[in-house]
$ cat final_13.txt   # compact mmCIF, C-alpha atoms and all ligand atoms
# COMPACT_ATOMS: atom_id res chain seq x y z
CA MET A 19 -5.53 34.01 -10.81
CA LYS A 20 -4.95 35.48 -7.36
CA TRP A 21 -6.94 32.60 -5.87
CA MET A 22 -4.03 30.28 -6.57
CA GLU A 23 -1.72 32.34 -4.43
CA GLU A 24 -4.25 32.41 -1.58
CA GLU A 25 -4.82 28.66 -1.71
CA LEU A 26 -1.09 27.90 -1.95
CA GLU A 27 -0.48 30.04 1.10
CA LEU A 28 -3.03 27.99 3.00
CA LEU A 29 -1.17 24.84 1.96
CA ALA A 30 2.17 26.33 3.00
CA ASP A 31 0.71 27.27 6.41
CA VAL A 32 0.15 23.58 7.19
CA SER A 33 3.49 22.45 5.69
CA ARG A 34 1.76 20.92 2.70
CA GLU A 35 3.07 22.93 -0.20
CA ARG A 36 5.33 20.89 -2.49
CA SER A 37 8.00 21.93 -4.93
CA LEU A 38 10.15 20.06 -7.42
CA ARG A 39 13.85 19.44 -6.91
CA ILE A 40 16.41 18.20 -9.39
CA THR A 41 18.27 14.96 -8.73
CA SER A 42 20.72 13.07 -10.91
CA SER A 43 22.13 9.54 -11.05
CA VAL A 44 25.50 8.47 -9.79
CA PHE A 45 26.52 6.15 -12.60
CA GLY A 46 27.98 2.91 -11.32
CA SER A 47 26.45 3.46 -7.85
CA PRO A 48 22.73 2.80 -8.34
CA GLY A 49 21.98 3.07 -4.60
CA TYR A 50 22.96 6.76 -4.58
CA THR A 51 21.64 10.00 -6.02
CA MET A 52 23.02 13.52 -6.47
CA ARG A 53 21.38 16.70 -5.25
CA GLY A 54 23.45 19.65 -6.38
CA GLU A 55 27.03 18.78 -5.49
CA ARG A 56 26.12 16.25 -2.85
CA THR A 57 26.01 12.48 -3.18
CA LEU A 58 23.27 10.97 -1.02
CA LEU A 59 22.30 7.42 -0.13
CA ASN A 60 19.01 7.00 -1.98
CA LEU A 61 16.37 5.49 0.31
CA SER A 62 13.49 6.90 -1.76
CA SER A 63 13.75 5.09 -5.08
CA ASN A 64 11.46 2.35 -6.35
CA ASP A 65 14.30 0.74 -8.32
CA TYR A 66 13.83 -2.22 -5.98
CA LEU A 67 15.92 -4.76 -7.85
CA GLY A 68 18.62 -2.30 -8.90
CA LEU A 69 18.02 -2.73 -12.63
CA ALA A 70 17.84 0.94 -13.68
CA GLN A 71 21.50 1.03 -14.72
CA HIS A 72 21.89 -2.59 -15.83
CA PRO A 73 24.30 -2.65 -18.82
CA ALA A 74 22.37 -5.33 -20.74
CA ILE A 75 19.16 -3.28 -20.54
CA LEU A 76 20.94 -0.09 -21.57
CA GLU A 77 22.57 -1.85 -24.51
CA VAL A 78 19.26 -3.17 -25.89
CA MET A 79 17.69 0.26 -25.44
CA ARG A 80 20.59 1.92 -27.26
CA GLU A 81 20.42 -0.53 -30.19
CA THR A 82 16.68 -0.06 -30.55
CA LEU A 83 17.02 3.69 -30.32
CA LEU A 84 19.42 3.60 -33.26
CA THR A 85 17.21 1.36 -35.41
CA GLU A 86 13.69 2.52 -34.47
CA GLY A 87 14.29 6.16 -33.57
CA ALA A 88 13.46 8.23 -30.53
CA GLY A 89 9.67 8.23 -30.47
CA SER A 90 6.94 5.86 -31.63
CA GLY A 91 5.22 8.60 -33.61
CA ALA A 92 1.60 7.62 -32.97
CA SER A 93 -0.77 5.66 -30.75
CA ARG A 94 -0.74 1.88 -30.86
CA HIS A 95 -3.86 1.80 -33.04
CA VAL A 96 -2.22 4.02 -35.63
CA THR A 97 1.46 3.30 -36.39
CA GLY A 98 2.98 3.30 -32.91
CA ASN A 99 2.59 -0.43 -32.30
CA ARG A 100 6.20 -1.26 -33.14
CA LEU A 101 7.81 -4.68 -33.30
CA PRO A 102 9.04 -4.88 -29.68
CA TYR A 103 5.42 -4.72 -28.38
CA GLY A 104 4.46 -8.03 -30.00
CA CYS A 105 7.34 -9.94 -28.39
CA LEU A 106 6.90 -8.29 -25.00
CA GLU A 107 3.18 -9.02 -24.69
CA GLU A 108 3.74 -12.70 -25.54
CA GLU A 109 6.59 -12.91 -23.02
CA LEU A 110 4.42 -11.28 -20.36
CA ALA A 111 1.52 -13.68 -20.90
CA ASP A 112 3.95 -16.59 -20.70
CA TRP A 113 5.56 -15.21 -17.51
CA GLN A 114 2.21 -14.71 -15.82
CA ASN A 115 0.83 -17.98 -17.20
CA CYS A 116 -2.29 -16.26 -18.50
CA GLU A 117 -3.95 -15.99 -21.90
CA ALA A 118 -2.96 -12.46 -22.85
CA ALA A 119 -1.24 -9.24 -21.80
CA LEU A 120 -1.43 -5.58 -22.75
CA VAL A 121 1.23 -2.92 -22.21
CA PHE A 122 0.27 0.62 -21.18
CA ALA A 123 2.46 3.72 -21.14
CA ASN A 124 2.48 3.84 -17.33
CA GLY A 125 0.71 2.56 -14.26
CA TYR A 126 -1.43 5.63 -13.84
CA MET A 127 -2.85 5.21 -17.33
CA ALA A 128 -3.31 1.47 -16.90
CA ASN A 129 -5.29 1.83 -13.68
CA SER A 130 -7.36 4.82 -14.68
CA GLY A 131 -7.96 3.46 -18.18
CA VAL A 132 -8.83 -0.08 -17.18
CA ILE A 133 -11.22 0.78 -14.36
CA SER A 134 -13.07 3.32 -16.49
CA ALA A 135 -13.29 0.75 -19.31
CA LEU A 136 -14.77 -1.94 -17.06
CA VAL A 137 -17.46 -0.07 -15.15
CA GLY A 138 -19.74 2.91 -15.65
CA ARG A 139 -22.97 4.48 -14.38
CA GLY A 140 -25.08 1.93 -12.51
CA ASP A 141 -22.01 -0.09 -11.45
CA VAL A 142 -19.96 -0.06 -8.26
CA VAL A 143 -16.26 -0.24 -7.41
CA PHE A 144 -15.18 -1.45 -3.96
CA SER A 145 -11.83 0.11 -3.22
CA ASP A 146 -9.50 -0.09 -0.23
CA GLN A 147 -9.22 3.29 1.47
CA LEU A 148 -5.42 3.25 0.96
CA ASN A 149 -5.45 2.33 -2.74
CA HIS A 150 -3.21 4.31 -5.05
CA ALA A 151 -4.54 7.58 -6.51
CA SER A 152 -4.50 6.17 -10.05
CA MET A 153 -7.23 3.71 -9.08
CA VAL A 154 -9.23 6.35 -7.28
CA ASP A 155 -9.06 8.57 -10.36
CA GLY A 156 -10.15 5.66 -12.55
CA ILE A 157 -13.21 5.23 -10.38
CA VAL A 158 -14.07 8.93 -10.57
CA LEU A 159 -13.62 8.86 -14.37
CA SER A 160 -15.83 5.79 -14.70
CA ARG A 161 -18.80 7.49 -12.96
CA ALA A 162 -19.52 4.25 -11.10
CA GLU A 163 -20.43 4.35 -7.41
CA HIS A 164 -17.29 4.50 -5.24
CA ALA A 165 -17.61 2.22 -2.21
CA ARG A 166 -14.47 2.74 -0.10
CA TYR A 167 -13.81 0.11 2.52
CA ARG A 168 -11.59 0.59 5.56
CA HIS A 169 -8.02 -0.51 4.98
CA ASN A 170 -7.87 -4.32 4.66
CA ASP A 171 -11.16 -4.59 6.61
CA MET A 172 -12.97 -7.56 5.05
CA GLU A 173 -16.01 -7.23 7.33
CA HIS A 174 -16.51 -3.67 6.11
CA LEU A 175 -16.09 -4.84 2.51
CA ARG A 176 -18.74 -7.51 3.07
CA THR A 177 -21.15 -4.92 4.47
CA LEU A 178 -20.66 -2.78 1.36
CA LEU A 179 -21.01 -5.79 -0.97
CA ASN A 180 -24.37 -6.48 0.67
CA LYS A 181 -25.42 -2.85 0.44
CA TYR A 182 -24.68 -2.68 -3.30
CA ARG A 183 -25.81 -6.21 -4.12
CA ASP A 184 -28.16 -5.11 -6.86
CA LYS A 185 -25.73 -3.03 -8.88
CA ARG A 186 -25.13 -4.15 -12.46
CA ARG A 187 -21.36 -4.80 -12.42
CA LYS A 188 -19.20 -5.04 -9.31
CA LEU A 189 -15.45 -4.56 -9.26
CA ILE A 190 -13.14 -4.94 -6.25
CA VAL A 191 -9.78 -3.17 -6.58
CA THR A 192 -6.76 -3.34 -4.30
CA ASP A 193 -3.03 -2.75 -4.17
CA ALA A 194 -1.18 -6.02 -3.43
CA ILE A 195 1.47 -4.18 -1.37
CA PHE A 196 0.26 -0.74 -0.30
CA SER A 197 2.50 1.98 -1.66
CA MET A 198 2.79 4.18 1.41
CA ASP A 199 2.50 1.54 4.15
CA GLY A 200 4.27 -1.47 2.68
CA ASP A 201 1.71 -3.91 4.08
CA MET A 202 -0.14 -6.64 2.17
CA ALA A 203 -3.73 -6.99 1.04
CA PRO A 204 -5.57 -10.10 2.32
CA LEU A 205 -5.73 -11.63 -1.16
CA ARG A 206 -7.25 -14.99 -0.14
CA GLU A 207 -10.16 -13.31 1.61
CA LEU A 208 -10.65 -10.94 -1.32
CA VAL A 209 -10.85 -13.89 -3.72
CA ALA A 210 -13.39 -15.63 -1.48
CA LEU A 211 -15.56 -12.49 -1.31
CA LYS A 212 -15.39 -11.81 -5.03
CA GLN A 213 -16.55 -15.38 -5.68
CA GLU A 214 -19.35 -15.20 -3.14
CA TYR A 215 -20.71 -11.91 -4.52
CA GLY A 216 -20.01 -12.44 -8.23
CA ALA A 217 -17.65 -9.45 -8.46
CA MET A 218 -14.57 -8.91 -10.63
CA LEU A 219 -11.23 -8.56 -8.81
CA MET A 220 -8.38 -6.30 -9.92
CA VAL A 221 -5.00 -6.40 -8.16
CA ASP A 222 -2.29 -3.76 -8.58
CA GLU A 223 1.15 -5.35 -8.17
CA ALA A 224 3.13 -2.12 -8.70
CA HIS A 225 5.16 -2.78 -5.52
CA SER A 226 5.12 -6.59 -5.56
CA GLY A 227 5.69 -7.47 -9.22
CA GLY A 228 9.27 -8.67 -9.72
CA ILE A 229 9.63 -9.24 -5.99
CA TYR A 230 7.30 -12.08 -4.98
CA GLY A 231 6.65 -15.41 -6.72
CA GLY A 232 9.26 -17.89 -7.94
CA ARG A 233 10.01 -15.84 -11.08
CA GLY A 234 8.91 -12.46 -9.76
CA GLU A 235 5.34 -12.86 -11.02
CA GLY A 236 3.97 -11.13 -7.94
CA LEU A 237 2.03 -11.74 -4.77
CA CYS A 238 -0.96 -13.41 -6.49
CA HIS A 239 1.39 -16.15 -7.73
CA GLU A 240 3.17 -16.36 -4.38
CA PHE A 241 -0.20 -17.36 -2.88
CA GLY A 242 -1.21 -19.55 -5.86
CA LEU A 243 -4.16 -17.26 -6.61
CA GLN A 244 -3.24 -16.18 -10.13
CA ASN A 245 -6.20 -17.95 -11.74
CA ASP A 246 -8.65 -16.21 -9.40
CA ILE A 247 -7.63 -12.68 -10.23
CA ASP A 248 -9.58 -11.24 -13.18
CA ILE A 249 -7.38 -8.22 -13.84
CA HIS A 250 -3.72 -8.41 -12.89
CA MET A 251 -1.85 -5.10 -13.14
CA GLY A 252 1.82 -4.30 -12.63
CA THR A 253 4.35 -1.63 -13.56
CA PHE A 254 7.75 -1.52 -15.24
CA SER A 255 8.73 1.66 -13.41
CA LYS A 256 9.72 0.02 -10.14
CA SER A 257 11.26 -3.49 -10.01
CA PHE A 258 11.95 -3.37 -13.75
CA GLY A 259 13.81 -0.09 -13.38
CA ILE A 260 12.31 1.48 -16.53
CA TYR A 261 8.81 2.80 -17.30
CA GLY A 262 5.43 1.46 -18.39
CA ALA A 263 2.81 -0.98 -17.12
CA TYR A 264 1.03 -4.21 -17.95
CA ILE A 265 -2.37 -5.78 -17.62
CA CYS A 266 -2.60 -9.57 -17.70
CA GLY A 267 -5.74 -11.68 -17.92
CA SER A 268 -8.01 -13.48 -20.35
CA ARG A 269 -8.00 -12.99 -24.12
CA LEU A 270 -11.49 -11.55 -23.75
CA LEU A 271 -10.35 -8.94 -21.22
CA ILE A 272 -7.46 -7.81 -23.42
CA ARG A 273 -9.73 -7.68 -26.50
CA TRP A 274 -12.13 -5.48 -24.52
CA LEU A 275 -9.36 -3.14 -23.35
CA VAL A 276 -7.86 -2.82 -26.84
CA ASN A 277 -11.25 -1.43 -27.86
CA LYS A 278 -12.26 0.50 -24.76
CA ALA A 279 -9.28 1.70 -22.69
CA ARG A 280 -9.02 5.38 -23.58
CA PRO A 281 -5.36 5.93 -22.54
CA LEU A 282 -4.43 3.21 -25.02
CA LEU A 283 -6.65 4.59 -27.76
CA TYR A 284 -5.86 8.27 -27.43
CA SER A 285 -2.25 8.54 -26.34
CA THR A 286 1.06 7.96 -28.11
CA ALA A 287 2.67 4.55 -27.70
CA LEU A 288 5.82 4.18 -25.60
CA PRO A 289 9.09 4.74 -27.47
CA PRO A 290 10.24 1.38 -28.96
CA SER A 291 13.54 1.55 -27.06
CA ILE A 292 11.63 1.48 -23.78
CA VAL A 293 9.56 -1.52 -24.86
CA ALA A 294 12.68 -3.43 -25.94
CA GLY A 295 14.41 -2.52 -22.65
CA ILE A 296 11.45 -3.92 -20.70
CA SER A 297 11.78 -7.28 -22.53
CA LYS A 298 15.41 -7.47 -21.43
CA ALA A 299 14.51 -6.47 -17.87
CA LEU A 300 11.87 -9.22 -17.81
CA VAL A 301 14.56 -11.84 -18.50
CA LEU A 302 16.61 -10.52 -15.57
CA VAL A 303 13.57 -10.31 -13.27
CA LYS A 304 12.72 -13.96 -14.03
CA GLU A 305 16.25 -15.32 -13.72
CA GLU A 306 18.19 -13.30 -11.18
CA HIS A 307 16.66 -14.64 -7.99
CA TRP A 308 19.49 -13.24 -5.92
CA ARG A 309 18.06 -9.75 -6.37
CA ARG A 310 14.79 -10.78 -4.67
CA GLU A 311 16.65 -12.66 -1.92
CA ARG A 312 18.89 -9.67 -1.28
CA LEU A 313 15.89 -7.33 -1.10
CA TYR A 314 14.12 -9.57 1.46
CA ALA A 315 17.27 -9.68 3.61
CA ALA A 316 17.73 -5.90 3.38
CA SER A 317 14.08 -5.30 4.34
CA ARG A 318 14.31 -7.63 7.35
CA LEU A 319 17.49 -6.01 8.61
CA PHE A 320 16.34 -2.41 8.20
CA ARG A 321 12.88 -3.04 9.64
CA SER A 322 14.18 -4.88 12.69
CA PHE A 323 16.65 -2.12 13.47
CA LEU A 324 14.02 0.64 13.26
CA SER A 325 11.36 -1.22 15.21
CA ASP A 326 13.86 -2.24 17.92
CA ALA A 327 14.81 1.44 18.18
CA GLY A 328 11.14 2.17 19.00
CA PHE A 329 9.93 3.81 15.77
CA ASN A 330 6.39 3.30 14.49
CA ILE A 331 6.97 1.54 11.15
CA GLY A 332 3.49 0.04 10.66
CA SER A 333 2.73 -3.63 10.27
CA GLY A 334 4.20 -4.59 6.89
CA ASN A 335 7.27 -6.62 6.10
CA SER A 336 8.12 -5.45 2.60
CA GLN A 337 10.83 -3.21 1.16
CA ILE A 338 8.59 -0.17 1.73
CA VAL A 339 9.22 0.97 5.30
CA PRO A 340 7.12 3.88 6.59
CA LEU A 341 8.46 5.78 9.58
CA ILE A 342 5.30 7.44 10.83
CA VAL A 343 5.92 10.69 12.69
CA GLY A 344 2.41 12.25 12.62
CA SER A 345 2.70 15.95 11.83
CA ASN A 346 3.60 17.38 8.43
CA ASP A 347 6.11 19.70 9.98
CA MET A 348 7.93 16.89 11.79
CA ALA A 349 8.05 14.81 8.60
CA LEU A 350 9.69 17.72 6.76
CA ARG A 351 12.17 18.36 9.56
CA PHE A 352 13.07 14.68 9.71
CA SER A 353 13.65 14.53 5.97
CA GLU A 354 15.83 17.66 6.08
CA ALA A 355 17.88 16.21 8.94
CA LEU A 356 18.38 13.01 6.94
CA GLU A 357 19.65 15.00 3.99
CA GLU A 358 22.15 16.77 6.24
CA GLU A 359 23.35 13.30 7.23
CA GLY A 360 23.80 12.23 3.58
CA ILE A 361 20.54 10.32 3.09
CA THR A 362 17.63 11.14 0.84
CA ALA A 363 14.25 9.88 2.06
CA VAL A 364 11.28 12.07 1.34
CA ALA A 365 8.50 13.25 3.63
CA ILE A 366 5.09 11.97 2.58
CA ARG A 367 2.21 14.16 3.67
CA PRO A 368 -1.55 14.36 3.14
CA PRO A 369 -3.37 13.99 0.80
CA THR A 370 -1.03 11.13 -0.19
CA VAL A 371 -1.53 9.67 3.32
CA PRO A 372 -4.35 10.31 5.84
CA ASP A 373 -4.17 13.44 8.03
CA GLY A 374 -1.99 13.03 11.12
CA THR A 375 0.05 10.17 9.60
CA ALA A 376 2.79 12.09 7.80
CA ARG A 377 5.86 9.95 7.41
CA ILE A 378 9.22 9.26 5.92
CA ARG A 379 8.76 6.55 3.31
CA PHE A 380 11.93 4.50 3.02
CA SER A 381 12.13 2.22 0.01
CA LEU A 382 14.98 -0.24 -0.16
CA SER A 383 16.82 -1.77 -3.07
CA ALA A 384 18.73 -4.98 -3.71
CA VAL A 385 21.81 -2.83 -4.33
CA HIS A 386 21.99 -1.49 -0.76
CA THR A 387 24.55 -3.31 1.39
CA ASP A 388 24.04 -4.26 5.04
CA LYS A 389 26.76 -1.82 5.99
CA GLU A 390 25.02 1.07 4.22
CA LEU A 391 21.69 0.21 5.78
CA LEU A 392 23.03 -0.19 9.32
CA ASN A 393 24.92 3.04 8.99
CA ALA A 394 21.76 4.81 7.78
CA ALA A 395 19.68 3.23 10.55
CA ALA A 396 22.10 4.49 13.21
CA ARG A 397 21.78 8.02 11.82
CA ILE A 398 17.98 7.73 11.66
CA HIS A 399 18.02 6.64 15.29
CA SER A 400 20.00 9.65 16.45
CA ILE A 401 17.81 12.05 14.43
CA GLY A 402 14.74 10.41 16.02
CA LEU A 403 16.15 11.13 19.48
CA ARG A 404 17.25 14.66 18.62
CA LEU A 405 13.84 15.64 17.15
CA GLY A 406 11.91 13.98 19.94
CA VAL A 407 10.25 11.34 17.74
CA LEU A 408 11.82 8.78 20.09
CA SER A 409 12.01 9.27 23.81
CA PRO A 410 15.50 8.74 25.30
N1 LIG B 1 -0.06 1.84 -8.61
C1 LIG B 1 0.65 2.01 -7.50
C2 LIG B 1 0.30 1.17 -6.31
C3 LIG B 1 1.70 2.93 -7.46
O1 LIG B 1 2.41 3.10 -6.34
C4 LIG B 1 2.00 3.68 -8.62
C5 LIG B 1 3.16 4.68 -8.69
N2 LIG B 1 3.71 5.14 -7.58
C6 LIG B 1 1.21 3.50 -9.76
C7 LIG B 1 0.19 2.57 -9.72
C8 LIG B 1 1.45 4.32 -10.99
O2 LIG B 1 2.48 3.76 -11.73
P1 LIG B 1 3.37 4.67 -12.70
O3 LIG B 1 4.36 5.37 -11.85
O4 LIG B 1 3.96 3.70 -13.66
O5 LIG B 1 2.43 5.62 -13.38

$ encode --input "final_13.txt" --output "structure tokens"
Amino acid sequence: MKWMEEELELLADVSRERSLRITSSVFGSPGYTMRGERTLLNLSSNDYLGLAQHPAILEVMRETLLTEGAGSGASRHVTGNRLPYGCLEEELADWQNCEAALVFANGYMANSGVISALVGRGDVVFSDQLNHASMVDGIVLSRAEHARYRHNDMEHLRTLLNKYRDKRRKLIVTDAIFSMDGDMAPLRELVALKQEYGAMLMVDEAHSGGIYGGRGEGLCHEFGLQNDIDIHMGTFSKSFGIYGAYICGSRLLIRWLVNKARPLLYSTALPPSIVAGISKALVLVKEEHWRRERLYAASRLFRSFLSDAGFNIGSGNSQIVPLIVGSNDMALRFSEALEEEGITAVAIRPPTVPDGTARIRFSLSAVHTDKELLNAAARIHSIGLRLGVLSP
């Protein structure tokens, strides 16, 4: 297996080799993380609403753990479909105001399983160039034609829709908020195009579920488009602070997926304690509006400070704030300098982002205070000057 060593060396040469590091929680301070002996401000977590340590969620999970046991023991079609699933799926359908919902073990499985259940040979999937890897892998698994359109470029999408007009089934897939850029998909235009060309539309709300909409339903609801989206996907691993994912849509869609989505058919169901914890988190997501309001305010403050300082932070306005530095090496150096200053914010490099756009991806949380963010921003500013990312 010498080839592995050779290929890893090539990756290391261009600052692209990755390795795993251990982190641990700081209980009672959800905005922080520990690396070794050091406590760091965590600007790289997707616990956007600060629910990961919520006592009410932990209590429900603990109770369920003690009554239902640690694992579910089987897939949902065998004996893993425990009581908490039934309640959760009804609550989800009610929250999203749709006919039915289906819970998956995680977002990766939901995306890859749903896309490969909906299309196959002879079909086509139109996918934004910056869509998450789980959608891309679903397309590859499906064996459908992969028509990638330039990021948020609706003219390019139209050209591809014309080119593949005669394909059997057409599916358009997009992130609602893009995971590495924090900008929004043009959902209204996507709905108009899907209607014009008779395509299905799937929207991934991993980074917008819980955050937009009056009760955290997501960006599709924020724009009043929920009835125009055929397949509405979201995760419980980010705003909900736990783990898992959902698909919402028509009864027919869910019936199809129960029969055809392979990650649901051939993988063990989530532990019941997780499913019960998600139900509790859903109540908090719907009711605790202050978490969303706080996150918007934190995002505005942090973004305005970094853009006024002269950093390239892209064009979004969400809680995901990319600080684009260009080279892989610079992204690594920047991240190391942040850690020395007591902040964890990881370097994101290709293939996660396009070549030449390596970045620090900051993700904010409702638990961060203005003082913490301004303090962090001042340190980011001085690192930017010291490393030459900003000119004096
Ligand atoms: N979709 C998007 C847009 C994501 O960013 C992610 C995770 N980072 C996923 C799907 C996968 O979700 P999960 O982590 O629950 O597997």

$ closest_atom_pairs --input "final_13.txt" --of "chain A" --to "ligand LIG 1 (chain B)" --cutoff "10 Å" --atoms "all atoms listed in the file" --output "Markdown table"
| residue | atom | partner | partner_atom | distance |
| --- | --- | --- | --- | --- |
| A:Asn64 | CA | B:LIG1 | N2 | 8.3 |
| A:Phe122 | CA | B:LIG1 | O4 | 8.9 |
| A:Ala123 | CA | B:LIG1 | O4 | 7.6 |
| A:Asn124 | CA | B:LIG1 | O4 | 4.0 |
| A:Gly125 | CA | B:LIG1 | O2 | 3.3 |
| A:Tyr126 | CA | B:LIG1 | O5 | 3.9 |
| A:Met127 | CA | B:LIG1 | O5 | 6.6 |
| A:Ala128 | CA | B:LIG1 | O5 | 7.9 |
| A:Asn129 | CA | B:LIG1 | C7 | 6.8 |
| A:Ser130 | CA | B:LIG1 | C7 | 9.3 |
| A:Leu148 | CA | B:LIG1 | C2 | 9.5 |
| A:Asn149 | CA | B:LIG1 | C2 | 6.9 |
| A:His150 | CA | B:LIG1 | C2 | 4.9 |
| A:Ala151 | CA | B:LIG1 | N1 | 7.6 |
| A:Ser152 | CA | B:LIG1 | C7 | 5.9 |
| A:Met153 | CA | B:LIG1 | N1 | 7.4 |
| A:Thr192 | CA | B:LIG1 | C2 | 8.6 |
| A:Asp193 | CA | B:LIG1 | C2 | 5.6 |
| A:Ala194 | CA | B:LIG1 | C2 | 7.9 |
| A:Ile195 | CA | B:LIG1 | C2 | 7.4 |
| A:Phe196 | CA | B:LIG1 | C2 | 6.3 |
| A:Ser197 | CA | B:LIG1 | O1 | 4.8 |
| A:Met198 | CA | B:LIG1 | O1 | 7.8 |
| A:Val221 | CA | B:LIG1 | C2 | 9.4 |
| A:Asp222 | CA | B:LIG1 | C2 | 6.0 |
| A:Glu223 | CA | B:LIG1 | C2 | 6.8 |
| A:Ala224 | CA | B:LIG1 | C2 | 5.0 |
| A:His225 | CA | B:LIG1 | C2 | 6.3 |
| A:Ser226 | CA | B:LIG1 | C2 | 9.2 |
| A:Met251 | CA | B:LIG1 | N1 | 8.5 |
| A:Gly252 | CA | B:LIG1 | N1 | 7.6 |
| A:Thr253 | CA | B:LIG1 | O4 | 5.3 |
| A:Phe254 | CA | B:LIG1 | O4 | 6.6 |
| A:Ser255 | CA | B:LIG1 | O4 | 5.2 |
| A:Lys256 | CA | B:LIG1 | O4 | 7.7 |
| A:Ile260 | CA | B:LIG1 | O4 | 9.1 |
| A:Tyr261 | CA | B:LIG1 | O4 | 6.1 |
| A:Gly262 | CA | B:LIG1 | O4 | 5.4 |
| A:Ala263 | CA | B:LIG1 | O4 | 5.9 |
| A:Tyr264 | CA | B:LIG1 | O4 | 9.5 |

$ residues_around --input "final_13.txt" --residues "Ile338 of chain A" --least-positions-apart "5" --cutoff "8 Å" --atoms "all atoms listed in the file" --output "PyMOL selection string"
chain A and resi 197-200+317+379-382

$ closest_residue --input "final_13.txt" --among "A:Val293, A:Asp155, A:Arg321, A:His399" --to "Ser333 of chain A" --atoms "all atoms listed in the file"
A:Arg321

$ residues_around --input "final_13.txt" --residues "Asp31 of chain A" --least-positions-apart "6" --cutoff "12 Å" --atoms "only C-alpha atoms" --output "list in words"
Glu24, Glu25, Asn346 and Asp347 of chain A

$ write_last_selection --input "final_13.txt" --atoms "C-alpha atoms" --output "mmCIF file, keeping the file's coordinate frame"
data_model
loop_
_atom_site.group_PDB
_atom_site.id
_atom_site.type_symbol
_atom_site.label_atom_id
_atom_site.label_comp_id
_atom_site.auth_asym_id
_atom_site.auth_seq_id
_atom_site.Cartn_x
_atom_site.Cartn_y
_atom_site.Cartn_z
ATOM 1 C CA GLU A 24 -4.250 32.410 -1.580
ATOM 2 C CA GLU A 25 -4.820 28.660 -1.710
ATOM 3 C CA ASN A 346 3.600 17.380 8.430
ATOM 4 C CA ASP A 347 6.110 19.700 9.980
#

$ closest_atom_pairs --input "final_13.txt" --of "segment 201-285 of chain A" --to "segment 102-116 of chain A" --cutoff "9 Å" --atoms "all atoms listed in the file" --output "tab-separated table"
residue	atom	partner	partner_atom	distance
A:Arg233	CA	A:Trp113	CA	7.8
A:Gly234	CA	A:Trp113	CA	8.9
A:Glu235	CA	A:Gln114	CA	6.0
A:Gly236	CA	A:Gln114	CA	8.8
A:His239	CA	A:Gln114	CA	8.3
A:Gln244	CA	A:Gln114	CA	8.0
A:Asn245	CA	A:Cys116	CA	8.0
A:Tyr264	CA	A:Leu110	CA	8.2
A:Cys266	CA	A:Ala111	CA	6.6
A:Gly267	CA	A:Cys116	CA	5.8
A:Ser268	CA	A:Cys116	CA	6.6
A:Arg269	CA	A:Cys116	CA	8.7

$ atom_distance --input "final_13.txt" --atom1 "atom CA of Glu207 of chain A" --atom2 "atom CA of Ile249 of chain A"
16.5 Å

$ residues_around --input "final_13.txt" --residues "Lys181 of chain A" --least-positions-apart "3" --cutoff "12 Å" --atoms "only C-alpha atoms" --output "PyMOL selection string"
chain A and resi 142+144+163+165+174-178+184-185+188+215

$ residues_around --input "final_13.txt" --residues "segment 68-81 of chain A" --least-positions-apart "3" --cutoff "12 Å" --atoms "all atoms listed in the file" --output "short mmCIF file (atom, residue, chain, number, x, y, z; two decimals) with C-alpha atoms, keeping the file's coordinate frame"
data_model
loop_
_atom_site.label_atom_id
_atom_site.label_comp_id
_atom_site.auth_asym_id
_atom_site.auth_seq_id
_atom_site.Cartn_x
_atom_site.Cartn_y
_atom_site.Cartn_z
CA SER A 43 22.13 9.54 -11.05
CA VAL A 44 25.50 8.47 -9.79
CA PHE A 45 26.52 6.15 -12.60
CA GLY A 46 27.98 2.91 -11.32
CA SER A 47 26.45 3.46 -7.85
CA PRO A 48 22.73 2.80 -8.34
CA GLY A 49 21.98 3.07 -4.60
CA TYR A 50 22.96 6.76 -4.58
CA ASN A 60 19.01 7.00 -1.98
CA SER A 63 13.75 5.09 -5.08
CA ASN A 64 11.46 2.35 -6.35
CA ASP A 65 14.30 0.74 -8.32
CA LEU A 84 19.42 3.60 -33.26
CA THR A 85 17.21 1.36 -35.41
CA GLU A 86 13.69 2.52 -34.47
CA GLY A 87 14.29 6.16 -33.57
CA ALA A 88 13.46 8.23 -30.53
CA PRO A 102 9.04 -4.88 -29.68
CA GLY A 228 9.27 -8.67 -9.72
CA ILE A 229 9.63 -9.24 -5.99
CA PHE A 254 7.75 -1.52 -15.24
CA SER A 255 8.73 1.66 -13.41
CA LYS A 256 9.72 0.02 -10.14
CA SER A 257 11.26 -3.49 -10.01
CA PHE A 258 11.95 -3.37 -13.75
CA GLY A 259 13.81 -0.09 -13.38
CA ILE A 260 12.31 1.48 -16.53
CA TYR A 261 8.81 2.80 -17.30
CA PRO A 289 9.09 4.74 -27.47
CA PRO A 290 10.24 1.38 -28.96
CA SER A 291 13.54 1.55 -27.06
CA ILE A 292 11.63 1.48 -23.78
CA VAL A 293 9.56 -1.52 -24.86
CA ALA A 294 12.68 -3.43 -25.94
CA GLY A 295 14.41 -2.52 -22.65
CA ILE A 296 11.45 -3.92 -20.70
CA SER A 297 11.78 -7.28 -22.53
CA LYS A 298 15.41 -7.47 -21.43
CA ALA A 299 14.51 -6.47 -17.87
CA LEU A 300 11.87 -9.22 -17.81
CA VAL A 301 14.56 -11.84 -18.50
CA LEU A 302 16.61 -10.52 -15.57
CA VAL A 303 13.57 -10.31 -13.27
CA GLU A 306 18.19 -13.30 -11.18
CA TRP A 308 19.49 -13.24 -5.92
CA ARG A 309 18.06 -9.75 -6.37
CA ARG A 310 14.79 -10.78 -4.67
CA ARG A 312 18.89 -9.67 -1.28
CA LEU A 313 15.89 -7.33 -1.10
CA SER A 381 12.13 2.22 0.01
CA LEU A 382 14.98 -0.24 -0.16
CA SER A 383 16.82 -1.77 -3.07
CA ALA A 384 18.73 -4.98 -3.71
CA VAL A 385 21.81 -2.83 -4.33
CA HIS A 386 21.99 -1.49 -0.76
CA THR A 387 24.55 -3.31 1.39
#
